[in-house]
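What follows is start.pdb (PDB, N, CA and C atoms).
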ATOM      1  N   MET A   1      10.407 267.994  55.491  1.00  0.00           N
ATOM      2  CA  MET A   1       9.509 267.268  54.618  1.00  0.00           C
ATOM      3  C   MET A   1       8.141 267.934  54.642  1.00  0.00           C
ATOM      4  N   PRO A   2       7.441 267.878  53.525  1.00  0.00           N
ATOM      5  CA  PRO A   2       6.123 268.485  53.477  1.00  0.00           C
ATOM      6  C   PRO A   2       5.150 267.769  54.418  1.00  0.00           C
ATOM      7  N   LYS A   3       4.197 268.526  54.908  1.00  0.00           N
ATOM      8  CA  LYS A   3       3.229 267.958  55.838  1.00  0.00           C
ATOM      9  C   LYS A   3       2.273 266.989  55.169  1.00  0.00           C
ATOM     10  N   ASN A   4       2.039 267.123  53.874  1.00  0.00           N
ATOM     11  CA  ASN A   4       1.092 266.257  53.191  1.00  0.00           C
ATOM     12  C   ASN A   4       1.743 265.019  52.578  1.00  0.00           C
ATOM     13  N   ASP A   5       2.944 264.697  52.981  1.00  0.00           N
ATOM     14  CA  ASP A   5       3.658 263.530  52.454  1.00  0.00           C
ATOM     15  C   ASP A   5       2.990 262.262  52.985  1.00  0.00           C
ATOM     16  N   SER A   6       2.513 261.411  52.098  1.00  0.00           N
ATOM     17  CA  SER A   6       1.769 260.223  52.505  1.00  0.00           C
ATOM     18  C   SER A   6       2.676 259.078  52.959  1.00  0.00           C
ATOM     19  N   SER A   7       3.977 259.214  52.836  1.00  0.00           N
ATOM     20  CA  SER A   7       4.865 258.118  53.225  1.00  0.00           C
ATOM     21  C   SER A   7       5.095 258.064  54.732  1.00  0.00           C
ATOM     22  N   TRP A   8       4.671 259.099  55.491  1.00  0.00           N
ATOM     23  CA  TRP A   8       4.859 259.081  56.939  1.00  0.00           C
ATOM     24  C   TRP A   8       4.139 257.905  57.575  1.00  0.00           C
ATOM     25  N   GLY A   9       2.926 257.631  57.132  1.00  0.00           N
ATOM     26  CA  GLY A   9       2.165 256.514  57.683  1.00  0.00           C
ATOM     27  C   GLY A   9       2.863 255.191  57.440  1.00  0.00           C
ATOM     28  N   LEU A  10       3.408 255.021  56.266  1.00  0.00           N
ATOM     29  CA  LEU A  10       4.132 253.796  55.944  1.00  0.00           C
ATOM     30  C   LEU A  10       5.369 253.655  56.817  1.00  0.00           C
ATOM     31  N   LEU A  11       6.111 254.745  56.997  1.00  0.00           N
ATOM     32  CA  LEU A  11       7.323 254.693  57.814  1.00  0.00           C
ATOM     33  C   LEU A  11       7.010 254.368  59.270  1.00  0.00           C
ATOM     34  N   VAL A  12       5.948 254.953  59.794  1.00  0.00           N
ATOM     35  CA  VAL A  12       5.547 254.662  61.175  1.00  0.00           C
ATOM     36  C   VAL A  12       5.123 253.201  61.295  1.00  0.00           C
ATOM     37  N   ASN A  13       4.402 252.707  60.300  1.00  0.00           N
ATOM     38  CA  ASN A  13       3.965 251.315  60.310  1.00  0.00           C
ATOM     39  C   ASN A  13       5.162 250.360  60.287  1.00  0.00           C
ATOM     40  N   LEU A  14       6.136 250.633  59.441  1.00  0.00           N
ATOM     41  CA  LEU A  14       7.311 249.761  59.343  1.00  0.00           C
ATOM     42  C   LEU A  14       8.097 249.757  60.650  1.00  0.00           C
ATOM     43  N   GLY A  15       8.293 250.914  61.238  1.00  0.00           N
ATOM     44  CA  GLY A  15       9.019 250.995  62.499  1.00  0.00           C
ATOM     45  C   GLY A  15       8.279 250.329  63.636  1.00  0.00           C
ATOM     46  N   SER A  16       6.965 250.471  63.658  1.00  0.00           N
ATOM     47  CA  SER A  16       6.192 249.858  64.743  1.00  0.00           C
ATOM     48  C   SER A  16       6.176 248.338  64.622  1.00  0.00           C
ATOM     49  N   GLN A  17       6.249 247.815  63.410  1.00  0.00           N
ATOM     50  CA  GLN A  17       6.309 246.363  63.248  1.00  0.00           C
ATOM     51  C   GLN A  17       7.605 245.804  63.832  1.00  0.00           C
ATOM     52  N   LEU A  18       8.697 246.483  63.581  1.00  0.00           N
ATOM     53  CA  LEU A  18       9.978 246.040  64.134  1.00  0.00           C
ATOM     54  C   LEU A  18       9.965 246.156  65.654  1.00  0.00           C
ATOM     55  N   LEU A  19       9.473 247.267  66.157  1.00  0.00           N
ATOM     56  CA  LEU A  19       9.403 247.476  67.604  1.00  0.00           C
ATOM     57  C   LEU A  19       8.504 246.438  68.271  1.00  0.00           C
ATOM     58  N   ALA A  20       7.383 246.124  67.667  1.00  0.00           N
ATOM     59  CA  ALA A  20       6.474 245.137  68.237  1.00  0.00           C
ATOM     60  C   ALA A  20       7.132 243.756  68.307  1.00  0.00           C
ATOM     61  N   GLY A  21       7.864 243.378  67.271  1.00  0.00           N
ATOM     62  CA  GLY A  21       8.552 242.085  67.282  1.00  0.00           C
ATOM     63  C   GLY A  21       9.594 242.010  68.377  1.00  0.00           C
ATOM     64  N   VAL A  22      10.365 243.072  68.547  1.00  0.00           N
ATOM     65  CA  VAL A  22      11.413 243.095  69.572  1.00  0.00           C
ATOM     66  C   VAL A  22      10.795 243.055  70.971  1.00  0.00           C
ATOM     67  N   LEU A  23       9.781 243.879  71.202  1.00  0.00           N
ATOM     68  CA  LEU A  23       9.152 243.913  72.533  1.00  0.00           C
ATOM     69  C   LEU A  23       8.464 242.598  72.869  1.00  0.00           C
ATOM     70  N   LEU A  24       7.795 242.006  71.902  1.00  0.00           N
ATOM     71  CA  LEU A  24       7.141 240.720  72.152  1.00  0.00           C
ATOM     72  C   LEU A  24       8.174 239.648  72.478  1.00  0.00           C
ATOM     73  N   GLY A  25       9.271 239.609  71.737  1.00  0.00           N
ATOM     74  CA  GLY A  25      10.330 238.646  72.027  1.00  0.00           C
ATOM     75  C   GLY A  25      10.945 238.872  73.390  1.00  0.00           C
ATOM     76  N   LEU A  26      11.148 240.134  73.755  1.00  0.00           N
ATOM     77  CA  LEU A  26      11.713 240.464  75.061  1.00  0.00           C
ATOM     78  C   LEU A  26      10.800 240.008  76.188  1.00  0.00           C
ATOM     79  N   LEU A  27       9.508 240.296  76.066  1.00  0.00           N
ATOM     80  CA  LEU A  27       8.565 239.920  77.118  1.00  0.00           C
ATOM     81  C   LEU A  27       8.439 238.401  77.257  1.00  0.00           C
ATOM     82  N   ILE A  28       8.380 237.708  76.142  1.00  0.00           N
ATOM     83  CA  ILE A  28       8.288 236.247  76.195  1.00  0.00           C
ATOM     84  C   ILE A  28       9.566 235.657  76.789  1.00  0.00           C
ATOM     85  N   GLY A  29      10.708 236.201  76.401  1.00  0.00           N
ATOM     86  CA  GLY A  29      11.978 235.716  76.949  1.00  0.00           C
ATOM     87  C   GLY A  29      12.083 235.941  78.447  1.00  0.00           C
ATOM     88  N   GLN A  30      11.645 237.095  78.917  1.00  0.00           N
ATOM     89  CA  GLN A  30      11.675 237.355  80.359  1.00  0.00           C
ATOM     90  C   GLN A  30      10.731 236.420  81.106  1.00  0.00           C
ATOM     91  N   TRP A  31       9.587 236.126  80.494  1.00  0.00           N
ATOM     92  CA  TRP A  31       8.650 235.195  81.124  1.00  0.00           C
ATOM     93  C   TRP A  31       9.285 233.810  81.251  1.00  0.00           C
ATOM     94  N   PHE A  32       9.936 233.325  80.182  1.00  0.00           N
ATOM     95  CA  PHE A  32      10.623 232.030  80.243  1.00  0.00           C
ATOM     96  C   PHE A  32      11.736 232.045  81.290  1.00  0.00           C
ATOM     97  N   ASP A  33      12.475 233.142  81.364  1.00  0.00           N
ATOM     98  CA  ASP A  33      13.555 233.243  82.352  1.00  0.00           C
ATOM     99  C   ASP A  33      13.011 233.124  83.772  1.00  0.00           C
ATOM    100  N   ARG A  34      11.929 233.817  84.064  1.00  0.00           N
ATOM    101  CA  ARG A  34      11.346 233.747  85.406  1.00  0.00           C
ATOM    102  C   ARG A  34      10.759 232.369  85.699  1.00  0.00           C
ATOM    103  N   LYS A  35      10.110 231.777  84.716  1.00  0.00           N
ATOM    104  CA  LYS A  35       9.434 230.498  84.934  1.00  0.00           C
ATOM    105  C   LYS A  35      10.417 229.332  85.066  1.00  0.00           C
ATOM    106  N   TYR A  36      11.451 229.317  84.249  1.00  0.00           N
ATOM    107  CA  TYR A  36      12.354 228.177  84.220  1.00  0.00           C
ATOM    108  C   TYR A  36      13.756 228.469  84.737  1.00  0.00           C
ATOM    109  N   GLY A  37      14.061 229.715  85.052  1.00  0.00           N
ATOM    110  CA  GLY A  37      15.370 230.063  85.585  1.00  0.00           C
ATOM    111  C   GLY A  37      16.490 229.980  84.565  1.00  0.00           C
ATOM    112  N   TRP A  38      16.195 230.321  83.338  1.00  0.00           N
ATOM    113  CA  TRP A  38      17.184 230.228  82.261  1.00  0.00           C
ATOM    114  C   TRP A  38      17.954 231.530  82.063  1.00  0.00           C
ATOM    115  N   THR A  39      17.925 232.418  83.012  1.00  0.00           N
ATOM    116  CA  THR A  39      18.494 233.763  82.881  1.00  0.00           C
ATOM    117  C   THR A  39      19.925 233.718  82.374  1.00  0.00           C
ATOM    118  N   PRO A  40      20.308 234.506  81.453  1.00  0.00           N
ATOM    119  CA  PRO A  40      19.611 235.427  80.547  1.00  0.00           C
ATOM    120  C   PRO A  40      19.333 234.823  79.185  1.00  0.00           C
ATOM    121  N   TRP A  41      19.471 233.514  79.038  1.00  0.00           N
ATOM    122  CA  TRP A  41      19.448 232.902  77.712  1.00  0.00           C
ATOM    123  C   TRP A  41      18.107 232.996  77.005  1.00  0.00           C
ATOM    124  N   ALA A  42      17.029 232.782  77.695  1.00  0.00           N
ATOM    125  CA  ALA A  42      15.725 232.859  77.037  1.00  0.00           C
ATOM    126  C   ALA A  42      15.449 234.274  76.552  1.00  0.00           C
ATOM    127  N   THR A  43      15.824 235.268  77.361  1.00  0.00           N
ATOM    128  CA  THR A  43      15.619 236.656  76.949  1.00  0.00           C
ATOM    129  C   THR A  43      16.433 236.974  75.704  1.00  0.00           C
ATOM    130  N   LEU A  44      17.682 236.541  75.679  1.00  0.00           N
ATOM    131  CA  LEU A  44      18.524 236.804  74.507  1.00  0.00           C
ATOM    132  C   LEU A  44      17.991 236.123  73.256  1.00  0.00           C
ATOM    133  N   VAL A  45      17.657 234.861  73.374  1.00  0.00           N
ATOM    134  CA  VAL A  45      17.194 234.100  72.212  1.00  0.00           C
ATOM    135  C   VAL A  45      15.859 234.639  71.711  1.00  0.00           C
ATOM    136  N   CYS A  46      14.921 234.866  72.619  1.00  0.00           N
ATOM    137  CA  CYS A  46      13.608 235.353  72.195  1.00  0.00           C
ATOM    138  C   CYS A  46      13.675 236.765  71.641  1.00  0.00           C
ATOM    139  N   THR A  47      14.542 237.604  72.188  1.00  0.00           N
ATOM    140  CA  THR A  47      14.697 238.955  71.647  1.00  0.00           C
ATOM    141  C   THR A  47      15.286 238.906  70.241  1.00  0.00           C
ATOM    142  N   LEU A  48      16.272 238.050  70.032  1.00  0.00           N
ATOM    143  CA  LEU A  48      16.837 237.907  68.689  1.00  0.00           C
ATOM    144  C   LEU A  48      15.808 237.352  67.706  1.00  0.00           C
ATOM    145  N   LEU A  49      14.988 236.414  68.157  1.00  0.00           N
ATOM    146  CA  LEU A  49      13.912 235.913  67.302  1.00  0.00           C
ATOM    147  C   LEU A  49      12.898 237.021  67.002  1.00  0.00           C
ATOM    148  N   GLY A  50      12.645 237.879  67.993  1.00  0.00           N
ATOM    149  CA  GLY A  50      11.751 239.019  67.772  1.00  0.00           C
ATOM    150  C   GLY A  50      12.316 240.003  66.777  1.00  0.00           C
ATOM    151  N   VAL A  51      13.624 240.244  66.836  1.00  0.00           N
ATOM    152  CA  VAL A  51      14.278 241.122  65.862  1.00  0.00           C
ATOM    153  C   VAL A  51      14.155 240.518  64.467  1.00  0.00           C
ATOM    154  N   ALA A  52      14.419 239.228  64.356  1.00  0.00           N
ATOM    155  CA  ALA A  52      14.328 238.561  63.052  1.00  0.00           C
ATOM    156  C   ALA A  52      12.899 238.602  62.516  1.00  0.00           C
ATOM    157  N   GLY A  53      11.929 238.333  63.369  1.00  0.00           N
ATOM    158  CA  GLY A  53      10.531 238.373  62.946  1.00  0.00           C
ATOM    159  C   GLY A  53      10.095 239.778  62.568  1.00  0.00           C
ATOM    160  N   GLY A  54      10.514 240.760  63.342  1.00  0.00           N
ATOM    161  CA  GLY A  54      10.176 242.144  63.028  1.00  0.00           C
ATOM    162  C   GLY A  54      10.814 242.601  61.731  1.00  0.00           C
ATOM    163  N   MET A  55      12.056 242.203  61.502  1.00  0.00           N
ATOM    164  CA  MET A  55      12.732 242.561  60.251  1.00  0.00           C
ATOM    165  C   MET A  55      12.049 241.899  59.055  1.00  0.00           C
ATOM    166  N   TYR A  56      11.672 240.632  59.216  1.00  0.00           N
ATOM    167  CA  TYR A  56      10.981 239.930  58.140  1.00  0.00           C
ATOM    168  C   TYR A  56       9.672 240.633  57.802  1.00  0.00           C
ATOM    169  N   SER A  57       8.914 240.975  58.821  1.00  0.00           N
ATOM    170  CA  SER A  57       7.640 241.651  58.618  1.00  0.00           C
ATOM    171  C   SER A  57       7.844 243.025  57.990  1.00  0.00           C
ATOM    172  N   MET A  58       8.854 243.747  58.452  1.00  0.00           N
ATOM    173  CA  MET A  58       9.141 245.077  57.942  1.00  0.00           C
ATOM    174  C   MET A  58       9.566 245.008  56.468  1.00  0.00           C
ATOM    175  N   ILE A  59      10.421 244.080  56.127  1.00  0.00           N
ATOM    176  CA  ILE A  59      10.882 243.949  54.741  1.00  0.00           C
ATOM    177  C   ILE A  59       9.735 243.521  53.830  1.00  0.00           C
ATOM    178  N   ARG A  60       8.933 242.569  54.293  1.00  0.00           N
ATOM    179  CA  ARG A  60       7.791 242.108  53.495  1.00  0.00           C
ATOM    180  C   ARG A  60       6.818 243.254  53.223  1.00  0.00           C
ATOM    181  N   GLU A  61       6.521 244.050  54.246  1.00  0.00           N
ATOM    182  CA  GLU A  61       5.603 245.179  54.083  1.00  0.00           C
ATOM    183  C   GLU A  61       6.217 246.252  53.180  1.00  0.00           C
ATOM    184  N   GLY A  62       7.507 246.495  53.314  1.00  0.00           N
ATOM    185  CA  GLY A  62       8.171 247.471  52.458  1.00  0.00           C
ATOM    186  C   GLY A  62       8.164 247.058  51.001  1.00  0.00           C
ATOM    187  N   LEU A  63       8.403 245.787  50.734  1.00  0.00           N
ATOM    188  CA  LEU A  63       8.354 245.293  49.358  1.00  0.00           C
ATOM    189  C   LEU A  63       6.950 245.390  48.789  1.00  0.00           C
ATOM    190  N   ARG A  64       5.952 245.088  49.619  1.00  0.00           N
ATOM    191  CA  ARG A  64       4.567 245.189  49.170  1.00  0.00           C
ATOM    192  C   ARG A  64       4.215 246.641  48.857  1.00  0.00           C
ATOM    193  N   ALA A  65       4.640 247.563  49.700  1.00  0.00           N
ATOM    194  CA  ALA A  65       4.350 248.979  49.476  1.00  0.00           C
ATOM    195  C   ALA A  65       5.057 249.473  48.218  1.00  0.00           C
ATOM    196  N   ASN A  66       6.263 248.996  47.981  1.00  0.00           N
ATOM    197  CA  ASN A  66       6.999 249.395  46.785  1.00  0.00           C
ATOM    198  C   ASN A  66       6.332 248.839  45.533  1.00  0.00           C
ATOM    199  N   ARG A  67       5.833 247.617  45.616  1.00  0.00           N
ATOM    200  CA  ARG A  67       5.166 246.999  44.482  1.00  0.00           C
ATOM    201  C   ARG A  67       3.846 247.706  44.167  1.00  0.00           C
ATOM    202  N   ASP A  68       3.123 248.135  45.214  1.00  0.00           N
ATOM    203  CA  ASP A  68       1.826 248.770  45.030  1.00  0.00           C
ATOM    204  C   ASP A  68       1.920 250.258  44.731  1.00  0.00           C
ATOM    205  N   ALA A  69       3.108 250.827  44.838  1.00  0.00           N
ATOM    206  CA  ALA A  69       3.277 252.268  44.599  1.00  0.00           C
ATOM    207  C   ALA A  69       3.016 252.580  43.129  1.00  0.00           C
ATOM    208  N   PRO A  70       2.442 253.752  42.871  1.00  0.00           N
ATOM    209  CA  PRO A  70       2.232 254.124  41.464  1.00  0.00           C
ATOM    210  C   PRO A  70       3.571 254.270  40.756  1.00  0.00           C
ATOM    211  N   ASP A  71       3.589 253.859  39.513  1.00  0.00           N
ATOM    212  CA  ASP A  71       4.841 253.937  38.742  1.00  0.00           C
ATOM    213  C   ASP A  71       5.226 255.394  38.544  1.00  0.00           C
ATOM    214  N   LYS A  72       6.459 255.693  38.896  1.00  0.00           N
ATOM    215  CA  LYS A  72       6.997 257.033  38.696  1.00  0.00           C
ATOM    216  C   LYS A  72       8.150 256.904  37.722  1.00  0.00           C
ATOM    217  N   LYS A  73       8.043 257.595  36.624  1.00  0.00           N
ATOM    218  CA  LYS A  73       9.103 257.549  35.641  1.00  0.00           C
ATOM    219  C   LYS A  73      10.231 258.472  36.086  1.00  0.00           C
ATOM    220  N   PRO A  74      11.482 258.045  35.906  1.00  0.00           N
ATOM    221  CA  PRO A  74      12.592 258.920  36.264  1.00  0.00           C
ATOM    222  C   PRO A  74      12.615 260.148  35.368  1.00  0.00           C
ATOM    223  N   PRO A  75      13.078 261.273  35.905  1.00  0.00           N
ATOM    224  CA  PRO A  75      13.122 262.483  35.081  1.00  0.00           C
ATOM    225  C   PRO A  75      14.089 262.312  33.913  1.00  0.00           C
ATOM    226  N   LYS A  76      13.742 262.946  32.812  1.00  0.00           N
ATOM    227  CA  LYS A  76      14.587 262.865  31.616  1.00  0.00           C
ATOM    228  C   LYS A  76      15.809 263.742  31.824  1.00  0.00           C
ATOM    229  N   THR A  77      16.949 263.225  31.396  1.00  0.00           N
ATOM    230  CA  THR A  77      18.191 263.985  31.497  1.00  0.00           C
ATOM    231  C   THR A  77      18.726 264.237  30.094  1.00  0.00           C
ATOM    232  N   GLY A  78      19.500 265.245  29.987  1.00  0.00           N
ATOM    233  CA  GLY A  78      20.101 265.543  28.674  1.00  0.00           C
ATOM    234  C   GLY A  78      19.189 266.416  27.840  1.00  0.00           C
ATOM    235  N   ALA A  79      19.541 266.549  26.587  1.00  0.00           N
ATOM    236  CA  ALA A  79      18.785 267.436  25.698  1.00  0.00           C
ATOM    237  C   ALA A  79      17.801 266.706  24.848  1.00  0.00           C
TER     238      ALA A  79
END

Encoded form (structure tokens):
Amino acid sequence: MPKNDSSWGLLVNLGSQLLAGVLLGLLIGQWFDRKYGWTPWATLVCTLLGVAGGMYSMIREGLRANRDAPDKKPPKTGA
């Protein structure tokens, strides 16, 4: 890919949103497990909620970026 491609920032942002949701859910779940002795259920549930939240955020941001992208007309085919 070309070095001046502006979509790299968007891709890094989308991936980091998903990663942040998963890590936050994992950390909160581990904290609940240690505090209340719910091992491994709180970690599993909170991690899955983090995945869902990260996916929601990632999809919402992707749709917004697609909506805000400049209109590109498809290339003409045929004669």

I'd like the contact shell of Leu26 of chain A - 6 Å cut-off, all atoms listed in the file, skipping same-chain residues fewer than 5 positions apart - returned as a PyMOL selection string.
chain A and resi 21+31+43+46-47

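Distances to Leu23 of chain A were evaluated for A:Asn66, A:Val51, A:Leu10, A:Lys76 using only N, CA and C atoms, and the minimum falls at A:Val51.
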
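One finds atom C of Leu18 of chain A at 23.4 Å from atom C of Trp38 of chain A.
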
Enter the distance from atom CA of Gly25 of chain A to atom CA of Ala42 of chain A, in Å, rounded to one decimal.
9.4 Å

Could you tell me how far atom CA of Glu61 of chain A lies from atom CA of Gln30 of chain A, in Å and to one decimal?
28.1 Å

Selected residue of minimal separation from Asn13 of chain A among A:Leu48, A:Trp41, A:Arg64, A:Met58, counting all atoms listed in the file
A:Met58

Enclose all atoms of segment 33-47 of chain A listed in the file in an axis-aligned box, grow every side by 5 Å, and hand back centre and edge lengths in Å to one decimal, as AutoDock Vina command-line options.
--center_x 14.9 --center_y 233.6 --center_z 78.0 --size_x 20.9 --size_y 20.8 --size_z 25.5

Which is closest to Met55 of chain A among A:Val22, A:Ser7, A:Asp68, A:Val12, if we use only C-alpha atoms?
A:Val22

Show which residues sit within 7 Å of Ala20 of chain A, as a VMD selection string. Count only N, CA and C atoms, and ignore same-chain residues fewer than 5 positions away.
chain A and resid 15 25 50 54
